[in-house]
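Just upload.pdb here, PDB, C-alpha atoms:
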```pdb
MODEL        1
ATOM      1  CA  MET A  20      33.578   6.531  -5.180
ATOM      2  CA  ILE A  21      30.991   9.130  -4.160
ATOM      3  CA  LEU A  22      29.026   9.061  -7.439
ATOM      4  CA  SER A  23      28.665   5.280  -7.304
ATOM      5  CA  ARG A  24      27.501   5.434  -3.692
ATOM      6  CA  VAL A  25      24.958   8.161  -4.456
ATOM      7  CA  LEU A  26      23.564   6.282  -7.446
ATOM      8  CA  GLN A  27      23.375   3.066  -5.422
ATOM      9  CA  GLN A  28      21.327   4.728  -2.706
ATOM     10  CA  LEU A  29      19.109   6.328  -5.344
ATOM     11  CA  VAL A  30      18.371   2.911  -6.822
ATOM     12  CA  ASN A  31      17.799   1.415  -3.364
ATOM     13  CA  GLY A  32      15.425   4.247  -2.480
ATOM     14  CA  LEU A  33      13.421   3.877  -5.681
ATOM     15  CA  SER A  34      13.174   0.127  -5.073
ATOM     16  CA  ILE A  35      11.655   0.426  -1.586
ATOM     17  CA  GLY A  36       9.699   3.496  -2.691
ATOM     18  CA  SER A  37       7.957   1.452  -5.375
ATOM     19  CA  ILE A  38       6.708  -0.923  -2.665
ATOM     20  CA  TYR A  39       5.548   2.033  -0.579
ATOM     21  CA  ALA A  40       3.718   3.293  -3.669
ATOM     22  CA  LEU A  41       1.633   0.116  -3.950
ATOM     23  CA  ILE A  42       0.461   0.546  -0.362
ATOM     24  CA  ALA A  43       0.052   4.330  -0.503
ATOM     25  CA  VAL A  44      -2.102   4.150  -3.643
ATOM     26  CA  GLY A  45      -4.473   1.813  -1.791
ATOM     27  CA  TYR A  46      -4.716   4.275   1.082
ATOM     28  CA  SER A  47      -5.383   7.143  -1.328
ATOM     29  CA  LEU A  48      -7.984   5.240  -3.347
ATOM     30  CA  ILE A  49     -10.085   4.443  -0.302
ATOM     31  CA  TYR A  50      -9.664   7.932   1.131
ATOM     32  CA  SER A  51     -10.699   9.543  -2.161
ATOM     33  CA  ILE A  52     -14.027   7.671  -2.105
ATOM     34  CA  LEU A  53     -14.959   7.303   1.576
ATOM     35  CA  ARG A  54     -12.899  10.148   3.080
ATOM     36  CA  PHE A  55     -11.305   8.119   5.858
ATOM     37  CA  SER A  56      -7.895   6.565   6.454
ATOM     38  CA  ASN A  57      -8.268   2.791   6.426
ATOM     39  CA  PHE A  58      -5.980   1.676   9.245
ATOM     40  CA  ALA A  59      -6.888  -1.939   8.482
ATOM     41  CA  HIS A  60      -5.008  -1.644   5.195
ATOM     42  CA  GLY A  61      -1.951  -3.279   6.740
ATOM     43  CA  SER A  62      -4.046  -6.385   7.436
ATOM     44  CA  PHE A  63      -4.526  -6.919   3.701
ATOM     45  CA  LEU A  64      -0.744  -6.759   3.291
ATOM     46  CA  VAL A  65      -0.295  -9.426   5.976
ATOM     47  CA  VAL A  66      -2.938 -11.636   4.363
ATOM     48  CA  GLY A  67      -1.099 -11.415   1.042
ATOM     49  CA  ALA A  68       2.266 -12.180   2.670
ATOM     50  CA  TYR A  69       0.974 -15.252   4.519
ATOM     51  CA  ALA A  70      -1.077 -16.458   1.551
ATOM     52  CA  GLY A  71       1.959 -16.252  -0.730
ATOM     53  CA  PHE A  72       4.149 -18.042   1.806
ATOM     54  CA  PHE A  73       1.786 -20.974   2.337
ATOM     55  CA  ILE A  74       0.916 -21.296  -1.346
ATOM     56  CA  VAL A  75       4.601 -21.491  -2.281
ATOM     57  CA  THR A  76       5.654 -23.799   0.566
ATOM     58  CA  ALA A  77       2.640 -26.028   1.225
ATOM     59  CA  MET A  78       1.084 -26.252  -2.243
ATOM     60  CA  SER A  79       4.340 -26.220  -4.240
ATOM     61  CA  ILE A  80       2.852 -23.882  -6.843
ATOM     62  CA  PRO A  81       5.290 -21.964  -9.092
ATOM     63  CA  PHE A  82       6.124 -18.458  -7.948
ATOM     64  CA  ILE A  83       4.200 -16.325 -10.452
ATOM     65  CA  PRO A  84       0.873 -18.239 -10.105
ATOM     66  CA  ALA A  85       1.428 -18.225  -6.335
ATOM     67  CA  VAL A  86       1.772 -14.424  -6.349
ATOM     68  CA  LEU A  87      -1.427 -14.063  -8.374
ATOM     69  CA  LEU A  88      -3.324 -16.323  -5.968
ATOM     70  CA  ALA A  89      -1.894 -14.449  -2.973
ATOM     71  CA  ILE A  90      -2.912 -11.012  -4.222
ATOM     72  CA  LEU A  91      -6.356 -12.328  -5.158
ATOM     73  CA  THR A  92      -6.708 -13.651  -1.588
ATOM     74  CA  ALA A  93      -5.754 -10.248  -0.195
ATOM     75  CA  GLY A  94      -8.211  -8.559  -2.555
ATOM     76  CA  LEU A  95     -11.045 -10.833  -1.447
ATOM     77  CA  ALA A  96     -10.134 -10.141   2.193
ATOM     78  CA  ALA A  97     -10.419  -6.413   1.508
ATOM     79  CA  VAL A  98     -13.792  -6.809  -0.247
ATOM     80  CA  THR A  99     -15.095  -8.961   2.624
ATOM     81  CA  THR A 100     -13.953  -6.352   5.147
ATOM     82  CA  GLU A 101     -15.791  -3.628   3.259
ATOM     83  CA  ARG A 102     -18.940  -5.716   2.945
ATOM     84  CA  VAL A 103     -19.076  -6.834   6.582
ATOM     85  CA  ALA A 104     -17.635  -3.884   8.489
ATOM     86  CA  TYR A 105     -17.783  -0.699   6.409
ATOM     87  CA  ARG A 106     -20.903  -0.994   4.285
ATOM     88  CA  PRO A 107     -23.342  -1.070   7.246
ATOM     89  CA  ILE A 108     -21.659   2.085   8.603
ATOM     90  CA  ARG A 109     -21.847   3.770   5.207
ATOM     91  CA  GLU A 110     -25.495   2.845   4.651
ATOM     92  CA  ARG A 111     -26.434   4.387   8.007
ATOM     93  CA  ASN A 112     -24.656   7.631   7.004
ATOM     94  CA  SER A 113     -22.590   7.425  10.174
ATOM     95  CA  PRO A 114     -19.800   9.948  10.897
ATOM     96  CA  THR A 115     -16.330   9.351   9.478
ATOM     97  CA  LEU A 116     -15.058   8.667  12.993
ATOM     98  CA  TYR A 117     -17.019   5.385  12.972
ATOM     99  CA  PHE A 118     -15.045   4.179   9.943
ATOM    100  CA  ILE A 119     -11.747   5.011  11.642
ATOM    101  CA  ILE A 120     -12.707   3.214  14.858
ATOM    102  CA  ALA A 121     -13.915   0.199  12.876
ATOM    103  CA  SER A 122     -10.680   0.063  10.859
ATOM    104  CA  MET A 123      -8.593   0.089  14.046
ATOM    105  CA  GLY A 124     -10.700  -2.716  15.489
ATOM    106  CA  ILE A 125     -10.330  -4.771  12.300
ATOM    107  CA  ALA A 126      -6.548  -4.312  12.318
ATOM    108  CA  ILE A 127      -6.277  -5.520  15.921
ATOM    109  CA  PHE A 128      -8.699  -8.387  15.280
ATOM    110  CA  CYS A 129      -6.769  -9.628  12.240
ATOM    111  CA  GLU A 130      -3.397  -9.450  13.965
ATOM    112  CA  HIS A 131      -4.553 -11.408  17.009
ATOM    113  CA  THR A 132      -6.450 -13.901  14.856
ATOM    114  CA  ILE A 133      -3.222 -14.696  12.987
ATOM    115  CA  VAL A 134      -1.297 -15.015  16.269
ATOM    116  CA  ALA A 135      -3.957 -17.359  17.705
ATOM    117  CA  THR A 136      -4.288 -19.556  14.596
ATOM    118  CA  ILE A 137      -1.034 -19.506  12.630
ATOM    119  CA  GLY A 138       1.242 -18.479  15.461
ATOM    120  CA  PRO A 139       3.564 -15.545  16.217
ATOM    121  CA  LYS A 140       6.806 -17.006  14.880
ATOM    122  CA  PHE A 141       8.685 -15.519  11.947
ATOM    123  CA  ARG A 142       8.550 -17.386   8.643
ATOM    124  CA  THR A 143      10.949 -17.071   5.734
ATOM    125  CA  TYR A 144      10.029 -17.430   2.086
ATOM    126  CA  PRO A 145      11.980 -20.082   0.194
ATOM    127  CA  ARG A 146      14.505 -18.670  -2.263
ATOM    128  CA  VAL A 147      12.735 -18.351  -5.583
ATOM    129  CA  LEU A 148      15.338 -16.179  -7.310
ATOM    130  CA  ALA A 149      19.076 -16.696  -7.628
ATOM    131  CA  ALA A 150      21.167 -15.021  -4.958
ATOM    132  CA  THR A 151      23.322 -13.269  -7.549
ATOM    133  CA  GLY A 152      22.603  -9.590  -8.161
ATOM    134  CA  VAL A 153      22.062  -7.595 -11.324
ATOM    135  CA  ASP A 154      25.014  -5.362 -12.246
ATOM    136  CA  LEU A 155      23.906  -2.022 -13.720
ATOM    137  CA  GLY A 156      27.337  -0.474 -14.104
ATOM    138  CA  LEU A 157      27.948   1.814 -11.144
ATOM    139  CA  VAL A 158      25.129   0.211  -9.139
ATOM    140  CA  SER A 159      23.817  -3.267  -8.450
ATOM    141  CA  MET A 160      20.485  -4.686  -7.297
ATOM    142  CA  SER A 161      19.305  -8.052  -6.089
ATOM    143  CA  LYS A 162      17.050  -9.907  -8.513
ATOM    144  CA  MET A 163      14.275  -9.782  -5.931
ATOM    145  CA  ASP A 164      14.445  -5.974  -5.793
ATOM    146  CA  VAL A 165      14.434  -5.794  -9.585
ATOM    147  CA  MET A 166      11.357  -8.003  -9.807
ATOM    148  CA  ALA A 167       9.596  -6.123  -6.998
ATOM    149  CA  ALA A 168      10.208  -2.745  -8.649
ATOM    150  CA  PHE A 169       9.180  -4.058 -12.076
ATOM    151  CA  MET A 170       5.966  -5.639 -10.767
ATOM    152  CA  ALA A 171       5.128  -2.533  -8.737
ATOM    153  CA  PHE A 172       5.478  -0.188 -11.703
ATOM    154  CA  LEU A 173       3.619  -2.622 -13.969
ATOM    155  CA  PHE A 174       0.642  -2.786 -11.602
ATOM    156  CA  LEU A 175       0.645   0.995 -11.168
ATOM    157  CA  ILE A 176       0.630   1.509 -14.953
ATOM    158  CA  VAL A 177      -2.270  -0.938 -15.320
ATOM    159  CA  LEU A 178      -4.114   0.881 -12.524
ATOM    160  CA  GLN A 179      -3.556   4.230 -14.234
ATOM    161  CA  TYR A 180      -5.004   2.809 -17.461
ATOM    162  CA  PHE A 181      -7.977   1.366 -15.573
ATOM    163  CA  ILE A 182      -8.728   4.649 -13.808
ATOM    164  CA  THR A 183      -8.425   6.844 -16.890
ATOM    165  CA  ARG A 184      -9.603   4.606 -19.740
ATOM    166  CA  THR A 185     -12.405   2.390 -18.455
ATOM    167  CA  LYS A 186     -16.023   3.082 -17.562
ATOM    168  CA  GLN A 187     -15.599   1.861 -13.989
ATOM    169  CA  GLY A 188     -12.466   3.963 -13.643
ATOM    170  CA  CYS A 189     -14.349   7.062 -14.767
ATOM    171  CA  ALA A 190     -17.028   6.241 -12.188
ATOM    172  CA  ILE A 191     -14.328   6.080  -9.502
ATOM    173  CA  GLN A 192     -13.061   9.500 -10.588
ATOM    174  CA  ALA A 193     -16.584  10.906 -10.384
ATOM    175  CA  ALA A 194     -17.180   9.336  -6.974
ATOM    176  CA  SER A 195     -13.948  10.862  -5.683
ATOM    177  CA  TYR A 196     -15.614  14.265  -6.082
ATOM    178  CA  ASP A 197     -19.011  13.290  -4.663
ATOM    179  CA  LEU A 198     -20.046   9.709  -3.948
ATOM    180  CA  GLN A 199     -23.702  10.528  -3.407
ATOM    181  CA  ALA A 200     -23.947  12.541  -6.616
ATOM    182  CA  ALA A 201     -22.350   9.671  -8.530
ATOM    183  CA  GLY A 202     -25.000   7.351  -7.100
ATOM    184  CA  LEU A 203     -27.763   9.713  -8.195
ATOM    185  CA  MET A 204     -26.329   9.675 -11.722
ATOM    186  CA  GLY A 205     -26.764   5.906 -11.935
ATOM    187  CA  VAL A 206     -23.453   4.595 -10.598
ATOM    188  CA  ASN A 207     -23.799   1.389  -8.553
ATOM    189  CA  VAL A 208     -22.171   2.715  -5.387
ATOM    190  CA  ASN A 209     -21.819  -0.647  -3.630
ATOM    191  CA  ARG A 210     -20.115  -2.201  -6.645
ATOM    192  CA  LEU A 211     -17.844   0.812  -7.036
ATOM    193  CA  VAL A 212     -16.740   0.809  -3.399
ATOM    194  CA  GLY A 213     -16.206  -2.954  -3.593
ATOM    195  CA  THR A 214     -14.030  -2.461  -6.685
ATOM    196  CA  VAL A 215     -11.944   0.165  -4.905
ATOM    197  CA  PHE A 216     -11.359  -2.163  -1.951
ATOM    198  CA  LEU A 217     -10.528  -5.029  -4.311
ATOM    199  CA  ILE A 218      -7.872  -2.908  -6.044
ATOM    200  CA  ALA A 219      -6.474  -1.659  -2.730
ATOM    201  CA  GLY A 220      -6.342  -5.203  -1.364
ATOM    202  CA  ILE A 221      -4.583  -6.538  -4.480
ATOM    203  CA  LEU A 222      -1.933  -3.812  -4.319
ATOM    204  CA  ALA A 223      -1.428  -4.364  -0.576
ATOM    205  CA  GLY A 224      -1.205  -8.123  -1.110
ATOM    206  CA  LEU A 225       1.455  -7.694  -3.792
ATOM    207  CA  SER A 226       3.517  -5.463  -1.518
ATOM    208  CA  GLY A 227       3.057  -8.020   1.278
ATOM    209  CA  VAL A 228       4.517 -10.804  -0.858
ATOM    210  CA  PHE A 229       7.616  -8.784  -1.741
ATOM    211  CA  LEU A 230       8.105  -7.442   1.789
ATOM    212  CA  GLY A 231       7.772 -11.006   3.081
ATOM    213  CA  MET A 232      10.455 -12.112   0.613
ATOM    214  CA  LYS A 233      12.726  -9.175   1.441
ATOM    215  CA  TYR A 234      12.369  -9.542   5.213
ATOM    216  CA  THR A 235      10.234 -12.224   6.869
ATOM    217  CA  VAL A 236       6.546 -12.918   7.389
ATOM    218  CA  TYR A 237       5.096 -12.227  10.836
ATOM    219  CA  PRO A 238       1.774 -10.953  12.236
ATOM    220  CA  GLN A 239       3.032  -7.375  12.735
ATOM    221  CA  LEU A 240       4.343  -7.014   9.163
ATOM    222  CA  GLY A 241       1.462  -4.652   8.445
ATOM    223  CA  TYR A 242       3.059  -2.001  10.668
ATOM    224  CA  LEU A 243       5.318  -1.196   7.716
ATOM    225  CA  THR A 244       2.282   0.394   6.059
ATOM    226  CA  ILE A 245       2.666   3.330   8.463
ATOM    227  CA  LYS A 246       5.518   4.641   6.307
ATOM    228  CA  ALA A 247       3.407   4.246   3.182
ATOM    229  CA  PHE A 248       0.650   6.180   4.955
ATOM    230  CA  VAL A 249       3.150   8.966   5.646
ATOM    231  CA  ALA A 250       4.117   8.857   1.962
ATOM    232  CA  ALA A 251       0.450   9.159   0.951
ATOM    233  CA  ILE A 252       0.044  12.220   3.187
ATOM    234  CA  PHE A 253       3.321  13.674   1.891
ATOM    235  CA  GLY A 254       2.163  13.294  -1.698
ATOM    236  CA  GLY A 255      -1.404  14.396  -0.973
ATOM    237  CA  LEU A 256      -3.892  11.970   0.527
ATOM    238  CA  GLY A 257      -6.519  11.163  -2.086
ATOM    239  CA  SER A 258      -4.208  11.892  -5.033
ATOM    240  CA  LEU A 259      -2.903   8.782  -6.833
ATOM    241  CA  PRO A 260      -0.014  10.612  -8.604
ATOM    242  CA  GLY A 261       0.761  12.256  -5.269
ATOM    243  CA  ALA A 262       0.860   8.892  -3.501
ATOM    244  CA  ILE A 263       3.327   7.535  -6.060
ATOM    245  CA  ALA A 264       5.522  10.651  -6.032
ATOM    246  CA  GLY A 265       5.483  10.845  -2.229
ATOM    247  CA  SER A 266       6.408   7.172  -1.913
ATOM    248  CA  LEU A 267       9.337   7.381  -4.307
ATOM    249  CA  LEU A 268      10.635  10.563  -2.673
ATOM    250  CA  LEU A 269      10.283   9.092   0.805
ATOM    251  CA  GLY A 270      12.071   5.903  -0.218
ATOM    252  CA  VAL A 271      14.973   7.877  -1.709
ATOM    253  CA  MET A 272      15.250  10.197   1.309
ATOM    254  CA  GLU A 273      15.213   7.219   3.684
ATOM    255  CA  ALA A 274      17.988   5.511   1.716
ATOM    256  CA  PHE A 275      20.197   8.615   1.703
ATOM    257  CA  ILE A 276      19.691   9.286   5.410
ATOM    258  CA  ALA A 277      20.494   5.685   6.326
ATOM    259  CA  ALA A 278      23.598   5.648   4.111
ATOM    260  CA  PHE A 279      25.090   9.078   4.758
ATOM    261  CA  LEU A 280      23.873   9.921   8.276
ATOM    262  CA  SER A 281      22.596   7.034  10.390
ATOM    263  CA  SER A 282      20.073   4.240   9.981
ATOM    264  CA  GLN A 283      18.796   5.150  13.463
ATOM    265  CA  LEU A 284      17.681   8.542  12.140
ATOM    266  CA  ARG A 285      15.606   7.059   9.328
ATOM    267  CA  ASP A 286      12.379   6.520  11.258
ATOM    268  CA  LEU A 287      12.828   9.784  13.131
ATOM    269  CA  PHE A 288      13.005  11.575   9.793
ATOM    270  CA  VAL A 289       9.850   9.865   8.478
ATOM    271  CA  PHE A 290       7.668  10.948  11.358
ATOM    272  CA  SER A 291       9.243  14.399  11.545
ATOM    273  CA  LEU A 292       8.289  14.750   7.887
ATOM    274  CA  LEU A 293       4.710  13.767   8.726
ATOM    275  CA  ILE A 294       4.464  16.468  11.403
ATOM    276  CA  ALA A 295       6.059  19.069   9.120
ATOM    277  CA  VAL A 296       3.671  18.322   6.245
ATOM    278  CA  LEU A 297       0.612  18.497   8.494
ATOM    279  CA  LEU A 298       1.773  21.831   9.894
ATOM    280  CA  VAL A 299       3.027  23.507   6.721
ATOM    281  CA  LYS A 300       1.074  21.971   3.820
ATOM    282  CA  PRO A 301      -1.761  19.681   4.990
ATOM    283  CA  GLY A 302      -2.776  18.941   1.408
ATOM    284  CA  GLY A 303       0.622  17.435   0.594
ATOM    285  CA  LEU A 304       2.524  17.866  -2.663
ATOM    286  CA  MET A 305      -0.385  17.235  -5.043
ATOM    287  CA  GLY A 306      -3.462  17.144  -2.848
ATOM    288  CA  LYS A 307      -5.877  19.909  -2.018
ATOM    289  CA  TYR A 308      -6.701  21.050   1.471
ATOM    290  CA  VAL A 309     -10.438  21.620   1.763
ATOM    291  CA  GLU A 310     -11.969  22.969   4.947
ATOM    292  CA  GLU A 311     -15.173  21.422   6.222
ATOM    293  CA  LYS A 312     -18.181  23.740   6.058
ATOM    294  CA  VAL A 313     -21.453  23.625   7.983
TER     295      VAL A 313
ENDMDL
END
```

Would you put the structure from the file into structure tokens?
Amino acid sequence: MILSRVLQQLVNGLSIGSIYALIAVGYSLIYSILRFSNFAHGSFLVVGAYAGFFIVTAMSIPFIPAVLLAILTAGLAAVTTERVAYRPIRERNSPTLYFIIASMGIAIFCEHTIVATIGPKFRTYPRVLAATGVDLGLVSMSKMDVMAAFMAFLFLIVLQYFITRTKQGCAIQAASYDLQAAGLMGVNVNRLVGTVFLIAGILAGLSGVFLGMKYTVYPQLGYLTIKAFVAAIFGGLGSLPGAIAGSLLLGVMEAFIAAFLSSQLRDLFVFSLLIAVLLVKPGGLMGKYVEEKV
């Protein structure tokens, strides 16, 4: 039945799109404050995936507390990265290119550190949810996908409340317009940037746990963040609503292409979309394209 197949792919796309949204929001948050694309963001995802795996398997902690510990570990990794690698660059008022180079170096360093210490082999999460799916009438979903989508939307709603309703969230909004001006108005810039990296790391860690459960855990798992980065650009890099909308749309389009055309065309479509957006509408769906002035 065509309708059932279409609805199933829509649900599948929204499920993976919600995971993309967690990652893309982290990219957009950091870009909105520091104006650079943090290519080390995938490392925080990998830290969360490995932390969740070892906490569940080695420490025998129940799943929900294990997830909370895993995302906290990823958040602390992100804060440490900002403190050690990015803050010295920021305090010297170095060009944005320095941040990008540093983020690439951190990503490579983290990947090879994991290979050298933990090892390159693939690891599989133990089954924490029943294998049976959830029947929604014309469509069905695995319980893992349902939980992943629910947790993703829950965290995004909490983030939206934090950004719009709290003092620190208002400071982040102000800093997204002008970080230096926010500092002159009394905002603790170091604390604010640390908070942004903590949030980005937590969201990446959560996505890492669910991607590790859906697939496997391995040192190159962070490469999946490339699609979330494309989604952030598609929605408008620096725009949180744009990152969410772009991620959901990208997830749905991927699902339809894989189901109705070919799964081999899925990645080709993603990167063709990236090129098209950069050529036609660099600001994305909800972002603004601002030219640099001298």

* Asked: Which is closer to Leu267 of chain A than all the others in A:Ser34, A:Gln27, A:Gln187, A:Thr76, using all atoms listed in the file?
  ->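 The shortest atom-to-atom distance to Leu267 of chain A comes from A:Ser34.
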
* To do: Quick one: pull the distance between atom CA of Val147 of chain A and atom CA of Tyr46 of chain A, Å, one decimal.
  =>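 So the two atoms, atom CA of Val147 of chain A and atom CA of Tyr46 of chain A, lie 29.3 Å apart.
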
Counting all atoms listed in the file, give me one row per residue of segment 32-128 of chain A with an atom at most 8 Å from an atom of segment 214-218 of chain A, showing the shortest contact pair and its distance in Å to one decimal, sorted by chain then residue number, as JSON lines.
```
{"residue": "A:Gly45", "atom": "CA", "partner": "A:Ile218", "partner_atom": "CA", "distance": 7.2}
{"residue": "A:Leu48", "atom": "CA", "partner": "A:Val215", "partner_atom": "CA", "distance": 6.6}
{"residue": "A:Ile49", "atom": "CA", "partner": "A:Val215", "partner_atom": "CA", "distance": 6.6}
{"residue": "A:Gly94", "atom": "CA", "partner": "A:Leu217", "partner_atom": "CA", "distance": 4.6}
{"residue": "A:Leu95", "atom": "CA", "partner": "A:Leu217", "partner_atom": "CA", "distance": 6.5}
{"residue": "A:Ala97", "atom": "CA", "partner": "A:Phe216", "partner_atom": "CA", "distance": 5.6}
{"residue": "A:Val98", "atom": "CA", "partner": "A:Leu217", "partner_atom": "CA", "distance": 5.5}
{"residue": "A:Glu101", "atom": "CA", "partner": "A:Phe216", "partner_atom": "CA", "distance": 7.0}
```

* Using all atoms listed in the file, find the one residue out of A:Ile74, A:Ala201, A:Val236, A:Val158 that sits nearest to Pro139 of chain A. =>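 Nearest to Pro139 of chain A: A:Val236.
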
* Carefully work through the PyMOL selection byres ((chain A and resi 188) around 12) for this structure and note down the residues it includes, as an MDAnalysis selection string. => chainID A and resid 48 177:187 189:195 206 211:212 214:215 218

Check which residues satisfy the PyMOL selection byres ((chain A and resi 233) around 12) in the file shown, then give them as a PDB file with C-alpha atoms, in the frame of the given file.
```pdb
ATOM      1  CA  SER A  34      13.174   0.127  -5.073  1.00  0.00           C
ATOM      2  CA  ILE A  35      11.655   0.426  -1.586  1.00  0.00           C
ATOM      3  CA  ILE A  38       6.708  -0.923  -2.665  1.00  0.00           C
ATOM      4  CA  ALA A  68       2.266 -12.180   2.670  1.00  0.00           C
ATOM      5  CA  ARG A 142       8.550 -17.386   8.643  1.00  0.00           C
ATOM      6  CA  THR A 143      10.949 -17.071   5.734  1.00  0.00           C
ATOM      7  CA  TYR A 144      10.029 -17.430   2.086  1.00  0.00           C
ATOM      8  CA  PRO A 145      11.980 -20.082   0.194  1.00  0.00           C
ATOM      9  CA  ARG A 146      14.505 -18.670  -2.263  1.00  0.00           C
ATOM     10  CA  VAL A 147      12.735 -18.351  -5.583  1.00  0.00           C
ATOM     11  CA  LEU A 148      15.338 -16.179  -7.310  1.00  0.00           C
ATOM     12  CA  SER A 161      19.305  -8.052  -6.089  1.00  0.00           C
ATOM     13  CA  LYS A 162      17.050  -9.907  -8.513  1.00  0.00           C
ATOM     14  CA  MET A 163      14.275  -9.782  -5.931  1.00  0.00           C
ATOM     15  CA  ASP A 164      14.445  -5.974  -5.793  1.00  0.00           C
ATOM     16  CA  VAL A 165      14.434  -5.794  -9.585  1.00  0.00           C
ATOM     17  CA  MET A 166      11.357  -8.003  -9.807  1.00  0.00           C
ATOM     18  CA  ALA A 167       9.596  -6.123  -6.998  1.00  0.00           C
ATOM     19  CA  SER A 226       3.517  -5.463  -1.518  1.00  0.00           C
ATOM     20  CA  GLY A 227       3.057  -8.020   1.278  1.00  0.00           C
ATOM     21  CA  VAL A 228       4.517 -10.804  -0.858  1.00  0.00           C
ATOM     22  CA  PHE A 229       7.616  -8.784  -1.741  1.00  0.00           C
ATOM     23  CA  LEU A 230       8.105  -7.442   1.789  1.00  0.00           C
ATOM     24  CA  GLY A 231       7.772 -11.006   3.081  1.00  0.00           C
ATOM     25  CA  MET A 232      10.455 -12.112   0.613  1.00  0.00           C
ATOM     26  CA  TYR A 234      12.369  -9.542   5.213  1.00  0.00           C
ATOM     27  CA  THR A 235      10.234 -12.224   6.869  1.00  0.00           C
ATOM     28  CA  VAL A 236       6.546 -12.918   7.389  1.00  0.00           C
ATOM     29  CA  LEU A 240       4.343  -7.014   9.163  1.00  0.00           C
TER      30      LEU A 240
END
```

For the structure provided, state which residues fall under the PyMOL selection byres ((chain A and resi 279-295) around 8), and present them as an mmCIF file with C-alpha atoms, in the frame of the given file.
```cif
data_model
loop_
_atom_site.group_PDB
_atom_site.id
_atom_site.type_symbol
_atom_site.label_atom_id
_atom_site.label_comp_id
_atom_site.auth_asym_id
_atom_site.auth_seq_id
_atom_site.Cartn_x
_atom_site.Cartn_y
_atom_site.Cartn_z
ATOM 1 C CA LYS A 246 5.518 4.641 6.307
ATOM 2 C CA VAL A 249 3.150 8.966 5.646
ATOM 3 C CA ILE A 252 0.044 12.220 3.187
ATOM 4 C CA PHE A 253 3.321 13.674 1.891
ATOM 5 C CA LEU A 269 10.283 9.092 0.805
ATOM 6 C CA GLU A 273 15.213 7.219 3.684
ATOM 7 C CA PHE A 275 20.197 8.615 1.703
ATOM 8 C CA ILE A 276 19.691 9.286 5.410
ATOM 9 C CA ALA A 277 20.494 5.685 6.326
ATOM 10 C CA ALA A 278 23.598 5.648 4.111
ATOM 11 C CA VAL A 296 3.671 18.322 6.245
ATOM 12 C CA LEU A 297 0.612 18.497 8.494
ATOM 13 C CA LEU A 298 1.773 21.831 9.894
ATOM 14 C CA VAL A 299 3.027 23.507 6.721
ATOM 15 C CA LYS A 300 1.074 21.971 3.820
#
```

* Closest of A:Cys129, A:Ala40, A:Met123, A:Ile52 to Leu175 of chain A - atom-to-atom distances counting all atoms listed in the file ->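 Closest to Leu175 of chain A, using all atoms listed in the file: A:Ala40.
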
* Leaving out Ala247 of chain A and any residue of its chain fewer than 3 positions from it, which residues lie within 7 Å of it when counting all atoms listed in the file, given as a list in words? -> Tyr39, Ala40, Ile42, Ala43, Thr244, Ala250, Ala251 and Ser266 of chain A

Would you export the selected residues with C-alpha atoms as a PDB file, in the coordinates of the input, please?
```
ATOM      1  CA  TYR A  39       5.548   2.033  -0.579  1.00  0.00           C
ATOM      2  CA  ALA A  40       3.718   3.293  -3.669  1.00  0.00           C
ATOM      3  CA  ILE A  42       0.461   0.546  -0.362  1.00  0.00           C
ATOM      4  CA  ALA A  43       0.052   4.330  -0.503  1.00  0.00           C
ATOM      5  CA  THR A 244       2.282   0.394   6.059  1.00  0.00           C
ATOM      6  CA  ALA A 250       4.117   8.857   1.962  1.00  0.00           C
ATOM      7  CA  ALA A 251       0.450   9.159   0.951  1.00  0.00           C
ATOM      8  CA  SER A 266       6.408   7.172  -1.913  1.00  0.00           C
TER       9      SER A 266
END
```

* Asked: Quick one: distance from atom CA of Ile133 of chain A to atom CA of Pro238 of chain A in Å, one decimal?
  ->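 Atom-to-atom, atom CA of Ile133 of chain A to atom CA of Pro238 of chain A, that is 6.3 Å.
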
* To do: To one decimal in Å, tell me the separation between atom CA of Leu225 of chain A and atom CA of Leu173 of chain A.
  =>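 Distance between the two atoms: 11.6 Å.
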
* Counting only C-alpha atoms, the option among A:Ser258, A:Thr92, A:Ser113, A:Asn207 closest to Tyr69 of chain A ->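 Closest to Tyr69 of chain A of all the choices is A:Thr92.
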
* Go through A:Leu53, A:Ala104, A:Leu26, A:Leu41 one by one, measure the shortest atom-to-atom distance of each to Gly265 of chain A using all atoms listed in the file, and give the residue with the smallest value. => A:Leu41

* Which residue out of A:Pro114, A:Gly202, A:Gly220, A:Gly138 has the minimum interatomic distance to Ile90 of chain A when all atoms listed in the file are used? ->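 Among the listed residues, A:Gly220 lies closest to Ile90 of chain A.
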
* Name all residues at most 7 Å from Val44 of chain A (count all atoms listed in the file; drop same-chain ones fewer than 6 positions away) and give them as a list in words. =>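 Result of the neighbour search: Leu259, Ala262 and Ile263 of chain A.
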
If the box runs along x, y and z of the file and leaves 8 Å on each side of segment 83-101 of chain A, what are its centre and edge lengths in Å, one decimal, as JSON?
```
{"center_x": -5.8, "center_y": -10.9, "center_z": -2.7, "size_x": 36.0, "size_y": 30.6, "size_z": 31.6}
```

* Asked: Could you pull the residues within 9 Å of Leu29 of chain A, counting all atoms listed in the file, minus those fewer than 5 positions along the same chain, as number ranges by chain?
  -> A: 24, 34, 270-272, 274-275

* Near-Gly255 of chain A list (6 Å; only C-alpha atoms; drop same-chain fewer than 5 positions) as a list in words -> Gly261, Gly302, Gly303, Leu304, Met305 and Gly306 of chain A

Export: segment 133-140 of chain A, C-alpha atoms, as an mmCIF file, in the first residue's frame:
```cif
data_model
loop_
_atom_site.group_PDB
_atom_site.id
_atom_site.type_symbol
_atom_site.label_atom_id
_atom_site.label_comp_id
_atom_site.auth_asym_id
_atom_site.auth_seq_id
_atom_site.Cartn_x
_atom_site.Cartn_y
_atom_site.Cartn_z
ATOM 1 C CA ILE A 133 40.665 6.197 21.043
ATOM 2 C CA VAL A 134 42.237 3.830 18.493
ATOM 3 C CA ALA A 135 45.494 3.695 20.493
ATOM 4 C CA THR A 136 43.857 3.208 23.910
ATOM 5 C CA ILE A 137 40.484 1.505 23.494
ATOM 6 C CA GLY A 138 41.136 -0.071 20.125
ATOM 7 C CA PRO A 139 39.616 0.145 16.630
ATOM 8 C CA LYS A 140 37.157 -2.739 16.883
#
```
